[in-house]
$ cat my_file-v3.pdb   # PDB, C-alpha atoms
MODEL        1
ATOM      1  CA  ALA A 709     -76.346 125.539-104.989
ATOM      2  CA  PRO A 710     -78.389 127.402-107.605
ATOM      3  CA  ALA A 711     -77.475 127.243-111.298
ATOM      4  CA  TRP A 712     -74.436 129.457-111.852
ATOM      5  CA  GLU A 713     -74.821 132.603-113.947
ATOM      6  CA  LYS A 714     -71.987 134.574-115.539
ATOM      7  CA  GLN A 715     -72.385 138.282-115.012
ATOM      8  CA  ASP A 716     -72.766 140.924-117.679
ATOM      9  CA  ILE A 717     -70.361 143.900-117.564
ATOM     10  CA  ASN A 718     -70.422 145.460-114.053
ATOM     11  CA  GLY A 719     -73.217 143.007-113.314
ATOM     12  CA  CYS A 720     -72.207 141.126-110.164
ATOM     13  CA  GLY A 721     -75.092 142.657-108.176
ATOM     14  CA  PRO A 722     -77.902 141.537-110.501
ATOM     15  CA  ALA A 723     -76.233 138.189-111.298
ATOM     16  CA  SER A 724     -75.502 137.316-107.660
ATOM     17  CA  LEU A 725     -78.989 138.325-106.579
ATOM     18  CA  ALA A 726     -80.480 136.266-109.422
ATOM     19  CA  MET A 727     -78.649 133.172-108.173
ATOM     20  CA  PHE A 728     -79.755 133.926-104.618
ATOM     21  CA  LEU A 729     -83.408 134.295-105.628
ATOM     22  CA  ARG A 730     -83.289 131.142-107.752
ATOM     23  CA  PHE A 731     -82.147 129.202-104.701
ATOM     24  CA  TRP A 732     -85.631 129.935-103.351
ATOM     25  CA  GLY A 733     -87.479 129.077-106.564
ATOM     26  CA  TRP A 734     -87.581 132.413-108.394
ATOM     27  CA  GLU A 735     -87.467 131.924-112.159
ATOM     28  CA  GLY A 736     -85.879 135.120-113.501
ATOM     29  CA  ASN A 737     -82.321 136.076-114.445
ATOM     30  CA  GLN A 738     -79.897 138.962-114.058
ATOM     31  CA  GLU A 739     -81.415 140.856-117.003
ATOM     32  CA  ASP A 740     -84.735 141.086-115.137
ATOM     33  CA  ILE A 741     -82.964 142.610-112.141
ATOM     34  CA  ALA A 742     -80.674 144.910-114.129
ATOM     35  CA  ALA A 743     -83.662 146.333-116.025
ATOM     36  CA  LYS A 744     -84.999 147.659-112.719
ATOM     37  CA  VAL A 745     -81.848 148.655-110.816
ATOM     38  CA  LYS A 746     -79.060 149.042-113.427
ATOM     39  CA  PRO A 747     -80.502 149.814-116.879
ATOM     40  CA  TYR A 748     -77.291 151.650-117.821
ATOM     41  CA  ARG A 749     -74.692 148.901-118.414
ATOM     42  CA  LYS A 750     -71.726 151.095-117.505
ATOM     43  CA  ASP A 751     -73.178 151.818-114.051
ATOM     44  CA  ARG A 752     -70.371 150.284-112.005
ATOM     45  CA  ASN A 753     -72.157 149.370-108.795
ATOM     46  CA  VAL A 754     -75.548 148.363-107.512
ATOM     47  CA  ASN A 755     -75.764 149.111-103.802
ATOM     48  CA  VAL A 756     -77.478 146.989-101.193
ATOM     49  CA  GLU A 757     -80.525 149.257-100.961
ATOM     50  CA  GLU A 758     -81.086 148.864-104.710
ATOM     51  CA  LEU A 759     -81.002 145.070-104.358
ATOM     52  CA  ALA A 760     -83.437 145.360-101.447
ATOM     53  CA  TYR A 761     -85.739 147.502-103.598
ATOM     54  CA  PHE A 762     -85.834 144.857-106.308
ATOM     55  CA  VAL A 763     -86.718 142.015-103.960
ATOM     56  CA  ARG A 764     -89.319 144.010-102.061
ATOM     57  CA  THR A 765     -91.075 145.238-105.229
ATOM     58  CA  GLN A 766     -90.534 142.363-107.671
ATOM     59  CA  ALA A 767     -90.178 139.238-105.489
ATOM     60  CA  GLY A 768     -92.136 140.300-102.438
ATOM     61  CA  TRP A 769     -92.951 136.750-101.392
ATOM     62  CA  LEU A 770     -89.332 136.613-100.166
ATOM     63  CA  THR A 771     -87.805 138.666 -97.348
ATOM     64  CA  PHE A 772     -84.652 140.774 -97.851
ATOM     65  CA  GLU A 773     -82.616 141.881 -94.841
ATOM     66  CA  TYR A 774     -79.084 143.127 -94.328
ATOM     67  CA  ARG A 775     -76.957 144.020 -91.327
ATOM     68  CA  LEU A 776     -73.411 145.377 -90.980
ATOM     69  CA  GLY A 777     -70.295 144.504 -89.028
ATOM     70  CA  GLY A 778     -70.710 140.754 -89.455
ATOM     71  CA  ASP A 779     -68.102 138.142 -88.630
ATOM     72  CA  LEU A 780     -67.108 134.743 -89.983
ATOM     73  CA  GLN A 781     -68.964 132.832 -87.278
ATOM     74  CA  LEU A 782     -72.197 134.618 -88.182
ATOM     75  CA  LEU A 783     -71.789 133.609 -91.831
ATOM     76  CA  LYS A 784     -71.151 129.998 -90.845
ATOM     77  CA  THR A 785     -74.173 129.932 -88.534
ATOM     78  CA  PHE A 786     -76.480 131.031 -91.344
ATOM     79  CA  LEU A 787     -74.991 128.476 -93.738
ATOM     80  CA  ALA A 788     -75.315 125.707 -91.156
ATOM     81  CA  ALA A 789     -79.015 126.607 -90.853
ATOM     82  CA  GLY A 790     -79.479 126.112 -94.600
ATOM     83  CA  LEU A 791     -79.534 129.831 -95.365
ATOM     84  CA  PRO A 792     -77.166 131.097 -98.092
ATOM     85  CA  VAL A 793     -75.748 134.534 -97.362
ATOM     86  CA  MET A 794     -74.368 137.204 -99.685
ATOM     87  CA  VAL A 795     -71.473 139.539 -98.934
ATOM     88  CA  GLU A 796     -69.954 142.494-100.746
ATOM     89  CA  GLU A 797     -66.183 142.530-100.929
ATOM     90  CA  GLY A 798     -63.281 144.295-102.564
ATOM     91  CA  VAL A 799     -61.375 142.111-105.023
ATOM     92  CA  LEU A 800     -58.395 142.548-107.337
ATOM     93  CA  LEU A 801     -59.040 141.759-111.004
ATOM     94  CA  ASP A 802     -56.321 140.455-113.321
ATOM     95  CA  GLU A 803     -56.846 142.810-116.248
ATOM     96  CA  SER A 804     -57.199 146.543-116.781
ATOM     97  CA  TYR A 805     -60.482 147.995-117.977
ATOM     98  CA  TRP A 806     -59.437 151.676-118.342
ATOM     99  CA  PRO A 807     -56.215 153.753-118.209
ATOM    100  CA  ASN A 808     -54.403 153.609-114.850
ATOM    101  CA  ASP A 809     -56.819 150.954-113.569
ATOM    102  CA  ASP A 810     -55.731 149.871-110.073
ATOM    103  CA  HIS A 811     -57.615 146.556-110.601
ATOM    104  CA  TRP A 812     -59.593 146.957-107.353
ATOM    105  CA  SER A 813     -63.302 146.355-107.706
ATOM    106  CA  ALA A 814     -66.417 146.032-105.581
ATOM    107  CA  HIS A 815     -67.895 142.562-105.907
ATOM    108  CA  TYR A 816     -70.802 140.534-104.544
ATOM    109  CA  LEU A 817     -70.354 136.887-103.582
ATOM    110  CA  LEU A 818     -73.100 134.392-102.716
ATOM    111  CA  LEU A 819     -71.796 132.003-100.036
ATOM    112  CA  THR A 820     -73.305 128.514-100.092
ATOM    113  CA  ALA A 821     -71.027 126.315 -97.948
ATOM    114  CA  TYR A 822     -68.060 126.263 -95.583
ATOM    115  CA  ASP A 823     -65.431 123.784 -94.412
ATOM    116  CA  ASP A 824     -63.910 124.408 -90.973
ATOM    117  CA  GLY A 825     -61.282 121.724 -91.525
ATOM    118  CA  ALA A 826     -59.893 123.485 -94.570
ATOM    119  CA  GLY A 827     -60.818 126.989 -93.395
ATOM    120  CA  ILE A 828     -62.644 127.857 -96.610
ATOM    121  CA  PHE A 829     -65.981 129.170 -97.788
ATOM    122  CA  THR A 830     -67.503 128.070-101.071
ATOM    123  CA  GLY A 831     -69.311 130.738-103.041
ATOM    124  CA  GLN A 832     -71.148 131.167-106.310
ATOM    125  CA  ASP A 833     -69.119 133.915-107.966
ATOM    126  CA  SER A 834     -70.646 135.564-111.022
ATOM    127  CA  PHE A 835     -67.208 136.681-112.264
ATOM    128  CA  PHE A 836     -64.699 134.046-111.139
ATOM    129  CA  GLY A 837     -66.960 131.009-111.495
ATOM    130  CA  ALA A 838     -69.158 128.493-109.707
ATOM    131  CA  ASP A 839     -68.022 126.975-106.391
ATOM    132  CA  ARG A 840     -65.230 129.506-105.882
ATOM    133  CA  GLN A 841     -63.247 128.676-102.767
ATOM    134  CA  VAL A 842     -61.954 131.481-100.569
ATOM    135  CA  THR A 843     -60.093 131.151 -97.272
ATOM    136  CA  TYR A 844     -61.598 132.535 -94.089
ATOM    137  CA  ALA A 845     -58.747 135.062 -93.757
ATOM    138  CA  GLU A 846     -58.977 136.228 -97.375
ATOM    139  CA  LEU A 847     -62.736 136.674 -97.208
ATOM    140  CA  ASP A 848     -62.578 138.624 -93.958
ATOM    141  CA  GLN A 849     -59.943 140.978 -95.352
ATOM    142  CA  GLN A 850     -61.838 141.583 -98.610
ATOM    143  CA  TRP A 851     -65.194 141.870 -96.827
ATOM    144  CA  GLN A 852     -63.996 144.659 -94.509
ATOM    145  CA  ALA A 853     -64.045 147.099 -97.451
ATOM    146  CA  PHE A 854     -67.855 146.997 -97.371
ATOM    147  CA  ASN A 855     -68.480 147.264 -93.646
ATOM    148  CA  ARG A 856     -68.783 143.454 -93.495
ATOM    149  CA  VAL A 857     -72.321 143.596 -94.847
ATOM    150  CA  VAL A 858     -74.425 140.448 -94.347
ATOM    151  CA  ILE A 859     -77.207 140.103 -96.950
ATOM    152  CA  LEU A 860     -80.026 137.594 -96.559
ATOM    153  CA  VAL A 861     -82.925 136.577 -98.785
ATOM    154  CA  TYR A 862     -85.291 133.985 -97.368
ATOM    155  CA  PRO A 863     -88.943 132.888 -97.256
ATOM    156  CA  PRO A 864     -91.096 134.188 -94.374
ATOM    157  CA  ASP A 865     -91.172 130.777 -92.675
ATOM    158  CA  ARG A 866     -87.443 131.194 -91.886
ATOM    159  CA  GLN A 867     -87.955 134.528 -90.116
ATOM    160  CA  ALA A 868     -87.669 133.161 -86.574
ATOM    161  CA  THR A 869     -84.389 131.417 -87.436
ATOM    162  CA  VAL A 870     -82.887 134.567 -88.948
ATOM    163  CA  GLN A 871     -83.892 136.675 -85.943
ATOM    164  CA  ALA A 872     -82.514 134.101 -83.506
ATOM    165  CA  ILE A 873     -79.153 133.982 -85.293
ATOM    166  CA  PHE A 874     -78.816 137.775 -85.331
ATOM    167  CA  GLY A 875     -79.861 137.946 -81.685
ATOM    168  CA  GLY A 876     -79.709 141.469 -80.277
ATOM    169  CA  GLU A 877     -78.327 142.771 -83.570
ATOM    170  CA  TRP A 878     -81.600 141.990 -85.324
ATOM    171  CA  ASP A 879     -82.432 145.515 -84.097
ATOM    172  CA  VAL A 880     -81.017 147.806 -86.811
ATOM    173  CA  ASP A 881     -79.864 150.531 -84.424
ATOM    174  CA  ALA A 882     -78.175 148.028 -82.104
ATOM    175  CA  ASN A 883     -76.482 146.470 -85.127
ATOM    176  CA  ARG A 884     -75.116 149.850 -86.231
ATOM    177  CA  GLN A 885     -73.861 150.588 -82.731
ATOM    178  CA  ALA A 886     -71.990 147.277 -82.680
ATOM    179  CA  ALA A 887     -70.574 148.048 -86.142
ATOM    180  CA  VAL A 888     -69.361 151.440 -84.860
ATOM    181  CA  GLU A 889     -67.487 149.754 -82.025
ATOM    182  CA  GLU A 890     -65.989 147.112 -84.304
ATOM    183  CA  ALA A 891     -64.751 149.741 -86.769
ATOM    184  CA  ARG A 892     -63.400 151.876 -83.917
ATOM    185  CA  LEU A 893     -61.379 148.946 -82.581
ATOM    186  CA  GLU A 894     -60.050 148.133 -86.053
ATOM    187  CA  SER A 895     -59.028 151.760 -86.661
ATOM    188  CA  GLU A 896     -57.138 151.773 -83.358
ATOM    189  CA  ARG A 897     -55.519 148.417 -84.053
ATOM    190  CA  ASP A 898     -54.370 149.473 -87.532
ATOM    191  CA  PRO A 899     -54.522 153.279 -87.943
ATOM    192  CA  LYS A 900     -53.307 153.009 -91.567
ATOM    193  CA  ASN A 901     -56.254 150.851 -92.627
ATOM    194  CA  ALA A 902     -58.420 153.223 -94.656
ATOM    195  CA  PHE A 903     -61.359 150.803 -94.745
ATOM    196  CA  ALA A 904     -61.571 150.754 -90.940
ATOM    197  CA  TRP A 905     -61.840 154.553 -90.905
ATOM    198  CA  PHE A 906     -64.337 154.529 -93.767
ATOM    199  CA  ASN A 907     -66.522 152.012 -91.933
ATOM    200  CA  LEU A 908     -66.286 154.030 -88.718
ATOM    201  CA  GLY A 909     -67.361 157.189 -90.537
ATOM    202  CA  THR A 910     -70.161 155.447 -92.431
ATOM    203  CA  ASN A 911     -71.600 153.969 -89.251
ATOM    204  CA  LEU A 912     -71.314 157.229 -87.328
ATOM    205  CA  VAL A 913     -73.120 159.090 -90.133
ATOM    206  CA  TYR A 914     -75.979 156.576 -89.771
TER     207      TYR A 914
ENDMDL
END
$ encode --input "my_file-v3.pdb" --output "structure tokens"
Amino acid sequence: APAWEKQDINGCGPASLAMFLRFWGWEGNQEDIAAKVKPYRKDRNVNVEELAYFVRTQAGWLTFEYRLGGDLQLLKTFLAAGLPVMVEEGVLLDESYWPNDDHWSAHYLLLTAYDDGAGIFTGQDSFFGADRQVTYAELDQQWQAFNRVVILVYPPDRQATVQAIFGGEWDVDANRQAAVEEARLESERDPKNAFAWFNLGTNLVY
């Protein structure tokens, strides 16, 4: 795993991406990334497209790709192939940061290992610490809030592997169509799950 980096305020995007890039030999830190995509410290979220912009313009020798509607097996397949994968999830924080804070926060997590026997992923978490362990069920529940986004950074010589693992969903439109169907099923299975409806709407808008 790359050297762990503690995030600055609202800085899980830059810090997690910095760890991801360092896995592949990049030599910067979260400040370099934040200067380009989050110069205002109180900006509370860096979206996936902003992370993609940084890699494509500042670390263009690496490839950045993301797809939606992932599942746990997909994450494990990438990890087994030696490819770390980043997810965005919704987590509950212990302390309040403003009046009437509901403690829910968007958060990026860089996954670096898994253990089927124990049913856990290991991730490099810029807020909670290095080698954070999260159960398969907990990760899947928290991940749903962000359309189960699968974020990959890798050198060009791993392109064929990445495409093979994604299979038909390497095609962006096909991936979105599959994500629509997944969200539709989840909204039918649990009509009170707001994230399922949000994902369905987001994918349909695409």
$ resolve_selection --input "my_file-v3.pdb" --expression "the PyMOL selection byres ((chain A and resi 888) around 10)" --output "JSON, numbers by chain"
{"A": [776, 777, 855, 882, 883, 884, 885, 886, 887, 889, 890, 891, 892, 893, 894, 904, 907, 908, 909, 910, 911, 912, 914]}
$ resolve_selection --input "my_file-v3.pdb" --expression "the PyMOL selection byres ((chain A and resi 817) around 7)" --output "JSON, numbers by chain"
{"A": [724, 794, 795, 796, 815, 816, 818, 819, 831, 832, 833]}
$ atom_distance --input "my_file-v3.pdb" --atom1 "CA of Val793 (chain A)" --atom2 "CA of Val858 (chain A)"
6.8 Å
$ closest_residue --input "my_file-v3.pdb" --among "A:Leu780, A:Val756, A:Ala742, A:Ala872" --to "Ala726 (chain A)" --atoms "all atoms listed in the file"
A:Ala742
$ atom_distance --input "my_file-v3.pdb" --atom1 "CA of Arg764 (chain A)" --atom2 "CA of Val861 (chain A)"
10.3 Å
$ closest_residue --input "my_file-v3.pdb" --among "A:Gln841, A:Thr771, A:Asn737, A:Asn755" --to "Val857 (chain A)" --atoms "all atoms listed in the file"
A:Asn755
$ closest_residue --input "my_file-v3.pdb" --among "A:Pro792, A:Gly825, A:Phe836, A:Pro722" --to "Glu758 (chain A)" --atoms "all atoms listed in the file"
A:Pro722
$ atom_distance --input "my_file-v3.pdb" --atom1 "CA of Trp851 (chain A)" --atom2 "CA of Glu797 (chain A)"
4.3 Å
$ closest_residue --input "my_file-v3.pdb" --among "A:Val745, A:Ala789, A:Val842, A:Ala902" --to "Gln867 (chain A)" --atoms "only C-alpha atoms"
A:Ala789
$ closest_residue --input "my_file-v3.pdb" --among "A:Asp740, A:Glu735, A:Glu757, A:Glu773" --to "Asp879 (chain A)" --atoms "all atoms listed in the file"
A:Glu773
$ resolve_selection --input "my_file-v3.pdb" --expression "the PyMOL selection byres ((chain A and resi 781) around 12)" --output "list of chain:residue names"
A:Gly777, A:Gly778, A:Asp779, A:Leu780, A:Leu782, A:Leu783, A:Lys784, A:Thr785, A:Phe786, A:Leu787, A:Ala788, A:Tyr822, A:Asp824, A:Gly827, A:Phe829, A:Tyr844, A:Asp848, A:Val858, A:Ile873, A:Phe874
$ closest_residue --input "my_file-v3.pdb" --among "A:Leu847, A:Ala826, A:Tyr862, A:Gln871" --to "Phe772 (chain A)" --atoms "only C-alpha atoms"
A:Tyr862
$ axis_aligned_box --input "my_file-v3.pdb" --around "region 885-904 of chain A" --padding-each-side "3 Å" --output "AutoDock Vina command-line options"
--center_x -63.6 --center_y 150.2 --center_z -88.4 --size_x 26.6 --size_y 12.2 --size_z 18.7
$ decode --input "my_file-v3.pdb" --residues "region 772-788 of chain A" --atoms "N, CA and C atoms" --output "PDB file, in the first residue's frame"
ATOM      1  N   PHE A 772      -6.979   7.456 -16.152  1.00  0.00           N
ATOM      2  CA  PHE A 772      -8.060   7.568 -15.160  1.00  0.00           C
ATOM      3  C   PHE A 772      -9.359   7.141 -15.826  1.00  0.00           C
ATOM      4  N   GLU A 773     -10.037   6.181 -15.224  1.00  0.00           N
ATOM      5  CA  GLU A 773     -11.348   5.753 -15.731  1.00  0.00           C
ATOM      6  C   GLU A 773     -12.293   5.533 -14.550  1.00  0.00           C
ATOM      7  N   TYR A 774     -13.579   5.769 -14.789  1.00  0.00           N
ATOM      8  CA  TYR A 774     -14.558   5.378 -13.771  1.00  0.00           C
ATOM      9  C   TYR A 774     -15.811   4.847 -14.443  1.00  0.00           C
ATOM     10  N   ARG A 775     -16.484   3.938 -13.754  1.00  0.00           N
ATOM     11  CA  ARG A 775     -17.756   3.400 -14.203  1.00  0.00           C
ATOM     12  C   ARG A 775     -18.690   3.368 -12.996  1.00  0.00           C
ATOM     13  N   LEU A 776     -19.976   3.158 -13.233  1.00  0.00           N
ATOM     14  CA  LEU A 776     -20.977   3.211 -12.170  1.00  0.00           C
ATOM     15  C   LEU A 776     -21.691   1.871 -12.032  1.00  0.00           C
ATOM     16  N   GLY A 777     -22.396   1.719 -10.900  1.00  0.00           N
ATOM     17  CA  GLY A 777     -23.161   0.502 -10.696  1.00  0.00           C
ATOM     18  C   GLY A 777     -22.297  -0.726 -10.476  1.00  0.00           C
ATOM     19  N   GLY A 778     -21.144  -0.535  -9.840  1.00  0.00           N
ATOM     20  CA  GLY A 778     -20.247  -1.665  -9.583  1.00  0.00           C
ATOM     21  C   GLY A 778     -20.799  -2.621  -8.539  1.00  0.00           C
ATOM     22  N   ASP A 779     -20.110  -3.740  -8.363  1.00  0.00           N
ATOM     23  CA  ASP A 779     -20.483  -4.662  -7.289  1.00  0.00           C
ATOM     24  C   ASP A 779     -19.209  -5.162  -6.595  1.00  0.00           C
ATOM     25  N   LEU A 780     -19.403  -5.882  -5.503  1.00  0.00           N
ATOM     26  CA  LEU A 780     -18.262  -6.302  -4.691  1.00  0.00           C
ATOM     27  C   LEU A 780     -17.325  -7.227  -5.466  1.00  0.00           C
ATOM     28  N   GLN A 781     -17.888  -8.084  -6.299  1.00  0.00           N
ATOM     29  CA  GLN A 781     -17.041  -9.007  -7.060  1.00  0.00           C
ATOM     30  C   GLN A 781     -16.134  -8.244  -8.025  1.00  0.00           C
ATOM     31  N   LEU A 782     -16.654  -7.182  -8.611  1.00  0.00           N
ATOM     32  CA  LEU A 782     -15.843  -6.365  -9.518  1.00  0.00           C
ATOM     33  C   LEU A 782     -14.659  -5.753  -8.766  1.00  0.00           C
ATOM     34  N   LEU A 783     -14.919  -5.222  -7.578  1.00  0.00           N
ATOM     35  CA  LEU A 783     -13.841  -4.649  -6.771  1.00  0.00           C
ATOM     36  C   LEU A 783     -12.780  -5.702  -6.470  1.00  0.00           C
ATOM     37  N   LYS A 784     -13.221  -6.888  -6.089  1.00  0.00           N
ATOM     38  CA  LYS A 784     -12.280  -7.952  -5.736  1.00  0.00           C
ATOM     39  C   LYS A 784     -11.467  -8.404  -6.955  1.00  0.00           C
ATOM     40  N   THR A 785     -12.096  -8.418  -8.120  1.00  0.00           N
ATOM     41  CA  THR A 785     -11.388  -8.835  -9.328  1.00  0.00           C
ATOM     42  C   THR A 785     -10.265  -7.859  -9.668  1.00  0.00           C
ATOM     43  N   PHE A 786     -10.538  -6.566  -9.533  1.00  0.00           N
ATOM     44  CA  PHE A 786      -9.476  -5.584  -9.767  1.00  0.00           C
ATOM     45  C   PHE A 786      -8.345  -5.747  -8.754  1.00  0.00           C
ATOM     46  N   LEU A 787      -8.690  -5.904  -7.491  1.00  0.00           N
ATOM     47  CA  LEU A 787      -7.663  -6.054  -6.455  1.00  0.00           C
ATOM     48  C   LEU A 787      -6.828  -7.310  -6.682  1.00  0.00           C
ATOM     49  N   ALA A 788      -7.485  -8.390  -7.081  1.00  0.00           N
ATOM     50  CA  ALA A 788      -6.762  -9.639  -7.334  1.00  0.00           C
ATOM     51  C   ALA A 788      -5.795  -9.494  -8.509  1.00  0.00           C
TER      52      ALA A 788
END
